[in-house]
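K.L.:
Contents of data.pdb (PDB, C-alpha atoms):
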```pdb
ATOM      1  CA  MET A 287     185.402 124.952 172.401
ATOM      2  CA  PHE A 288     181.980 126.428 171.675
ATOM      3  CA  LEU A 289     183.531 128.742 169.092
ATOM      4  CA  ARG A 290     185.106 125.846 167.180
ATOM      5  CA  ILE A 291     181.783 124.070 166.750
ATOM      6  CA  SER A 292     179.786 127.168 165.831
ATOM      7  CA  SER A 293     182.281 128.413 163.217
ATOM      8  CA  PRO A 294     181.889 125.416 160.880
ATOM      9  CA  LEU A 295     178.110 125.504 161.346
ATOM     10  CA  GLY A 296     178.021 129.196 160.437
ATOM     11  CA  ALA A 297     180.157 128.606 157.348
ATOM     12  CA  LEU A 298     177.878 125.755 156.279
ATOM     13  CA  ALA A 299     174.810 127.995 156.649
ATOM     14  CA  LEU A 300     176.438 130.680 154.493
ATOM     15  CA  LEU A 301     177.375 128.168 151.785
ATOM     16  CA  THR A 302     173.855 126.784 151.747
ATOM     17  CA  ALA A 303     172.438 130.289 151.284
ATOM     18  CA  CYS A 304     174.789 130.901 148.343
ATOM     19  CA  GLY A 305     173.457 127.829 146.545
ATOM     20  CA  SER A 306     169.831 128.911 146.690
ATOM     21  CA  GLU A 307     168.301 130.575 143.651
ATOM     22  CA  SER A 308     167.751 134.294 143.739
ATOM     23  CA  PRO A 309     164.519 135.784 142.424
ATOM     24  CA  PRO A 310     164.453 136.699 138.735
ATOM     25  CA  PRO A 311     165.331 140.292 137.910
ATOM     26  CA  PRO A 312     162.419 142.687 137.435
ATOM     27  CA  GLY A 313     161.391 143.456 133.873
ATOM     28  CA  ASP A 314     160.014 142.063 130.645
ATOM     29  CA  LYS A 315     161.278 139.082 128.667
ATOM     30  CA  VAL A 316     163.177 139.913 125.468
ATOM     31  CA  ALA A 317     164.756 137.790 122.752
ATOM     32  CA  CYS A 318     168.451 137.022 123.033
ATOM     33  CA  ALA A 319     171.054 134.521 121.917
ATOM     34  CA  ILE A 320     173.916 134.394 124.390
ATOM     35  CA  GLY A 321     177.335 133.129 123.372
ATOM     36  CA  GLU A 322     177.176 130.046 121.176
ATOM     37  CA  ALA A 323     173.357 130.008 121.041
ATOM     38  CA  GLU A 324     172.217 129.957 117.437
ATOM     39  CA  ALA A 325     168.645 131.204 117.641
ATOM     40  CA  LEU A 326     167.071 134.097 119.496
ATOM     41  CA  ALA A 327     164.711 133.052 122.308
ATOM     42  CA  ASN A 328     162.793 135.023 124.944
ATOM     43  CA  ASP A 329     165.284 134.059 127.645
ATOM     44  CA  CYS A 330     166.591 137.476 128.733
ATOM     45  CA  THR A 331     164.983 140.087 130.967
ATOM     46  CA  LEU A 332     165.020 143.813 130.208
ATOM     47  CA  GLU A 333     165.242 146.150 133.210
ATOM     48  CA  LYS A 334     164.819 149.896 132.673
ATOM     49  CA  VAL A 335     166.918 152.150 134.912
ATOM     50  CA  ALA A 336     164.512 154.704 136.352
ATOM     51  CA  GLY A 337     165.083 158.335 135.407
ATOM     52  CA  THR A 338     167.688 157.547 132.726
ATOM     53  CA  GLN A 339     168.011 156.358 129.140
ATOM     54  CA  ASP A 340     169.828 153.266 130.435
ATOM     55  CA  PHE A 341     168.624 149.682 130.485
ATOM     56  CA  VAL A 342     170.067 146.364 131.592
ATOM     57  CA  VAL A 343     169.585 143.059 129.807
ATOM     58  CA  HIS A 344     169.883 140.162 132.256
ATOM     59  CA  HIS A 345     171.023 136.843 130.782
ATOM     60  CA  PRO A 346     169.529 133.534 131.940
ATOM     61  CA  ASP A 347     172.929 132.440 133.317
ATOM     62  CA  GLY A 348     173.065 135.408 135.715
ATOM     63  CA  GLY A 349     175.242 137.626 133.503
ATOM     64  CA  PHE A 350     174.070 140.977 132.207
ATOM     65  CA  ARG A 351     174.912 143.871 129.903
ATOM     66  CA  ARG A 352     174.103 147.502 130.534
ATOM     67  CA  PHE A 353     173.196 149.832 127.668
ATOM     68  CA  THR A 354     172.440 153.504 127.204
ATOM     69  CA  ARG A 355     170.200 155.064 124.571
ATOM     70  CA  ASP A 356     170.619 158.444 122.886
ATOM     71  CA  PRO A 357     167.115 159.974 122.841
ATOM     72  CA  ALA A 358     167.997 162.313 119.956
ATOM     73  CA  THR A 359     169.166 159.623 117.555
ATOM     74  CA  GLY A 360     167.675 156.477 119.083
ATOM     75  CA  GLY A 361     171.139 154.920 118.959
ATOM     76  CA  ILE A 362     172.202 152.341 121.521
ATOM     77  CA  ALA A 363     175.663 151.943 123.041
ATOM     78  CA  THR A 364     177.158 149.725 125.704
ATOM     79  CA  PHE A 365     177.180 151.620 128.975
ATOM     80  CA  ASP A 366     180.916 151.196 129.533
ATOM     81  CA  GLY A 367     181.765 151.664 125.843
ATOM     82  CA  ALA A 368     184.112 148.685 125.917
ATOM     83  CA  GLU A 369     182.515 146.848 122.998
ATOM     84  CA  ASN A 370     180.879 148.167 119.864
ATOM     85  CA  ILE A 371     177.318 147.366 118.928
ATOM     86  CA  ALA A 372     176.497 146.008 115.474
ATOM     87  CA  MET A 373     172.926 146.926 114.538
ATOM     88  CA  THR A 374     171.070 144.538 112.222
ATOM     89  CA  PRO A 375     167.727 144.950 110.437
ATOM     90  CA  ALA A 376     164.793 143.282 112.182
ATOM     91  CA  GLU A 377     161.168 142.567 111.373
ATOM     92  CA  GLY A 378     158.322 144.592 112.812
ATOM     93  CA  GLY A 379     160.434 147.588 113.808
ATOM     94  CA  ALA A 380     162.265 145.704 116.557
ATOM     95  CA  VAL A 381     165.705 146.908 117.616
ATOM     96  CA  GLN A 382     168.173 144.105 116.900
ATOM     97  CA  PHE A 383     171.875 144.280 117.686
ATOM     98  CA  GLN A 384     174.906 142.216 118.562
ATOM     99  CA  VAL A 385     177.618 142.819 121.154
ATOM    100  CA  GLY A 386     180.483 140.380 120.966
ATOM    101  CA  ALA A 387     178.961 136.904 120.693
ATOM    102  CA  ASP A 388     175.617 137.987 122.201
ATOM    103  CA  SER A 389     172.572 139.024 120.132
ATOM    104  CA  TYR A 390     169.442 140.854 121.268
ATOM    105  CA  ARG A 391     166.072 141.802 119.738
ATOM    106  CA  ILE A 392     163.979 144.288 121.686
ATOM    107  CA  PRO A 393     160.609 145.826 120.805
ATOM    108  CA  PRO A 394     161.191 149.598 120.414
ATOM    109  CA  GLU A 395     158.463 150.544 122.888
ATOM    110  CA  MET A 396     160.381 148.781 125.664
ATOM    111  CA  ILE A 397     163.325 151.160 125.347
ATOM    112  CA  ALA A 398     161.471 154.288 124.204
ATOM    113  CA  SER A 399     162.053 157.509 126.101
ATOM    114  CA  PRO A 400     159.452 158.193 128.797
ATOM    115  CA  THR A 401     157.154 161.060 127.942
ATOM    116  CA  PRO A 402     157.292 163.967 130.389
TER
END
```
Can the structure from this file be put into structure tokens for me?

P.N.:
Amino acid sequence: MFLRISSPLGALALLTACGSESPPPPGDKVACAIGEAEALANDCTLEKVAGTQDFVVHHPDGGFRRFTRDPATGGIATFDGAENIAMTPAEGGAVQFQVGADSYRIPPEMIASPTP
């Protein structure tokens, strides 16, 4: 009988924990327009992957995209290569690109190669 009462209480505690907000991802805010959004806004977070040319852009809804950068050319590609990136000109030397319905604008110094 004790097990029957504690099982629902344990499940309720787990469900409550799932509903709580997790801390924001580490990194700097960058401009993005996710999905149907029309204008870029500083709503995404850029996380550099230590020791690599990779970076992750976290969306405000909890989604994310992972990218890799070619240090020789400065080109950017999706990490899994599933979708192509369309580069677009941007003001002030920013790196602006679109993947599917999502657009991003990132200051170049945020994704520059670390100096040895």

K.L.:
Given the point (164.6, 132.9, 122.8) in the coordinates of this file, which residues lie within 10 Å, counting all atoms listed in the file, and how would they look as a compact mmCIF listing (two decimals) with C-alpha atoms, in the coordinates of the input?

P.N.:
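Below is the file point_24.txt, written as the result:
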```
# COMPACT_ATOMS: atom_id res chain seq x y z
CA LYS A 315 161.28 139.08 128.67
CA VAL A 316 163.18 139.91 125.47
CA ALA A 317 164.76 137.79 122.75
CA CYS A 318 168.45 137.02 123.03
CA ALA A 319 171.05 134.52 121.92
CA ILE A 320 173.92 134.39 124.39
CA ALA A 323 173.36 130.01 121.04
CA GLU A 324 172.22 129.96 117.44
CA ALA A 325 168.64 131.20 117.64
CA LEU A 326 167.07 134.10 119.50
CA ALA A 327 164.71 133.05 122.31
CA ASN A 328 162.79 135.02 124.94
CA ASP A 329 165.28 134.06 127.64
CA CYS A 330 166.59 137.48 128.73
CA TYR A 390 169.44 140.85 121.27
CA ARG A 391 166.07 141.80 119.74
```

K.L.:
Find, counting all atoms listed in the file, the residue in A:Gln382, A:Ser389, A:Ser308, A:Thr364 that gets nearest to Gly348 of chain A.

P.N.:
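Using all atoms listed in the file, Gly348 of chain A sits closest to A:Ser308.
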
K.L.:
Give me, please, the distance in Å between atom CA of Asp340 of chain A and atom CA of Ile397 of chain A, quoted to one decimal.

P.N.:
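These atoms are spaced 8.5 Å apart.
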
K.L.:
Carefully work through the PyMOL selection byres ((chain A and resi 378) around 12) for this structure and note down the residues it includes, as a list in words.

P.N.:
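Selection result, ordered by chain and number: Pro375, Ala376, Glu377, Gly379, Ala380, Val381, Gln382, Arg391, Ile392, Pro393, Pro394 and Glu395 of chain A.
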
K.L.:
If the PyMOL selection byres ((chain A and resi 366) around 12) is run on the structure shown, which residues does it catch, given as a list in words?

P.N.:
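In the shown coordinates, the PyMOL selection byres ((chain A and resi 366) around 12) covers Asp340, Arg351, Arg352, Phe353, Thr354, Ile362, Ala363, Thr364, Phe365, Gly367, Ala368, Glu369, Asn370 and Ile371 of chain A.
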
K.L.:
Can you list, as a list in words, every protein, DNA or RNA residue that comes within 10 Å of Asp314 of chain A when you count only C-alpha atoms, leaving out same-chain residues fewer than 3 positions away?

P.N.:
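In the requested format, the answer is Pro311, Asn328, Cys330, Thr331, Leu332, Glu333, Lys334, Val343 and Met396 of chain A.
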
K.L.:
Rank nothing, just name the residue among A:Phe383, A:Gln339, A:His344, A:Thr359 nearest to Ala398 of chain A, using all atoms listed in the file.

P.N.:
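So, comparing all the options, the nearest one is A:Gln339.
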
K.L.:
Using atom CA of Gly361 of chain A and atom CA of Ala336 of chain A as the two end points, give the distance in Å to one decimal.

P.N.:
18.6 Å

K.L.:
Draw an axis-aligned box over all listed atoms of segment 359-377 of chain A, pad each side with 6 Å, and write its centre and edge lengths in Å, one decimal, as lines of an AutoDock Vina configuration file.

P.N.:
```
center_x = 172.6
center_y = 151.1
center_z = 120.0
size_x = 34.9
size_y = 29.1
size_z = 31.1
```

K.L.:
What's the separation between atom CA of Val385 of chain A and atom CA of Glu322 of chain A, in Å to one decimal place?

P.N.:
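Between these atoms lies a distance of 12.8 Å.
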
K.L.:
Choose the residue, out of A:Arg355, A:Gly386, A:Thr374, A:Gly321, that has the smallest atom-to-atom separation from Val342 of chain A; count all atoms listed in the file.

P.N.:
A:Arg355
